[in-house]
Amino acid sequence: MAERKIKVRVNESHRYGDLKVHDQVKFDVYENEFLCVCGQSGCGKTTLLDILSGLQKPTEGEVLIDGKPVDPKKQNISFVFQEPSNLPWLTLWENVATGLRIKKYPADQIRSIVDDIIGVVGLRGYEKYYPHQISGGMKQRVAIARAFATDADVILMDEPFVSLDQHTREKMQQEILNIWEHRKRTVIFVTHNLEEAVFLGDRVVILSNKPASVKDTITIDLPRPRDVLSPQLNALRIRCSTSLNETRLATA
Ligand SMILES: Nc1ncnc2c1ncn2[C@@H]1O[C@H](COP(=O)(O)OP(=O)(O)O)[C@@H](O)[C@H]1O
Ligand SMILES: [Mg+2]
């Protein structure tokens, strides 16, 4: 197999005052990989994303993107939060275009990218709606479309489907894979839901409880599109679950 390019290199420890949250969190992310990061609530997943985005500097160590220390001014880092963040005074179309406008893409290019991506996430026909006129799932689709629209070095997602109902969540999981297949980007997707992680990820990184370190990295070597009900996927979910439960027992 050809050597894969490492896009992101994480090697850091972090504390908030006396609270040690990360203890040598160390892993790599390949270019255009869909990497899921799983860990118990409170283990430091959001902190990890803050560090990955450059918003928070780790107490020790660093994050490298393309071999250079992360710097949101130099690299293009997109974030999708737990709660969808749309600009309420802009239409859905304008919301998707925001990142491209900030990056000063030419108008005709913005038009073609936004029109294309709106189709991929299934929002065609809603372009003129405002955020208050659409559902939570649609708002999150807008946030995801915006993240994928620009030429992001890395897209960080913090449990983006956690507040959606089961049906919408399953649809969104499929849609996020569609958009990722369509516009390949390096994605780091945080979730505490293992079904979601093994369905979406090329690999799943399991974090131990606080102070977190990488407990396991499990490769999900199943072809896409994946069948959620397949015994192979279930076996990998159980492997992840066993690993995650060991971290729970270790701190009980
Ligand atoms: N800005 C902060 N200042 C102090 N403690 C924090 C801060 N942010 C998070 N924490 C603490 O760090 C730990 C990890 O939090 P967080 O990264 O939000 O975990 P997760 O996203 O996995 O639930 C928690 O104990 C939380 O209370
Ligand atoms: Mg969190």
# chains A, B, ... in the order shown; residues from 1 in each chain; ligands from 1
$ residues_near_ligand --ligand "ligand 1" --cutoff "6 Å" --atoms "only C-alpha atoms and all ligand atoms" --output "list in words"
Tyr16, Val21, Ser41, Gly42, Cys43, Gly44, Lys45, Thr46 and Thr47 of chain A
$ residues_around --residues "Asn245 of chain A" --least-positions-apart "3" --cutoff "12 Å" --atoms "only C-alpha atoms" --output "PyMOL selection string"
chain A and resi 38-40+194+206-209+215-216+237-242+248-252
$ atom_distance --atom1 "atom CA of Glu12 of chain A" --atom2 "atom CA of Leu64 of chain A"
10.5 Å
$ residues_around --residues "Gln109 of chain A" --least-positions-apart "6" --cutoff "12 Å" --atoms "only C-alpha atoms" --output "list in words"
Ala97, Leu100, Arg101, Lys103, Asp115, Asp116, Ala149 and Thr150 of chain A
$ write_last_selection --atoms "N, CA and C atoms" --output "PDB file, in the first residue's frame"
ATOM      1  N   ALA A  97     -22.272  30.161   2.147  1.00  0.00           N
ATOM      2  CA  ALA A  97     -21.243  30.926   1.423  1.00  0.00           C
ATOM      3  C   ALA A  97     -20.282  31.681   2.344  1.00  0.00           C
ATOM      4  N   LEU A 100     -16.485  31.042   2.360  1.00  0.00           N
ATOM      5  CA  LEU A 100     -15.889  31.345   1.051  1.00  0.00           C
ATOM      6  C   LEU A 100     -15.744  32.850   0.861  1.00  0.00           C
ATOM      7  N   ARG A 101     -16.732  33.601   1.356  1.00  0.00           N
ATOM      8  CA  ARG A 101     -16.653  35.066   1.258  1.00  0.00           C
ATOM      9  C   ARG A 101     -15.497  35.591   2.099  1.00  0.00           C
ATOM     10  N   LYS A 103     -12.840  34.071   2.829  1.00  0.00           N
ATOM     11  CA  LYS A 103     -11.589  33.708   2.140  1.00  0.00           C
ATOM     12  C   LYS A 103     -11.465  34.401   0.779  1.00  0.00           C
ATOM     13  N   ASP A 115     -23.934  26.141  -4.703  1.00  0.00           N
ATOM     14  CA  ASP A 115     -25.043  25.444  -5.365  1.00  0.00           C
ATOM     15  C   ASP A 115     -24.813  23.933  -5.351  1.00  0.00           C
ATOM     16  N   ASP A 116     -23.591  23.540  -5.642  1.00  0.00           N
ATOM     17  CA  ASP A 116     -23.247  22.116  -5.671  1.00  0.00           C
ATOM     18  C   ASP A 116     -23.438  21.477  -4.291  1.00  0.00           C
ATOM     19  N   ALA A 149     -17.403  23.554   2.388  1.00  0.00           N
ATOM     20  CA  ALA A 149     -17.369  24.420   1.206  1.00  0.00           C
ATOM     21  C   ALA A 149     -15.971  24.976   0.953  1.00  0.00           C
ATOM     22  N   THR A 150     -15.290  25.388   2.021  1.00  0.00           N
ATOM     23  CA  THR A 150     -13.966  25.978   1.832  1.00  0.00           C
ATOM     24  C   THR A 150     -12.938  24.865   1.665  1.00  0.00           C
TER      25      THR A 150
END
$ residues_around --residues "Ile65 of chain A" --least-positions-apart "3" --cutoff "6 Å" --atoms "only C-alpha atoms" --output "list of chain:residue names"
A:Lys7, A:Val8, A:Lys68, A:Val70
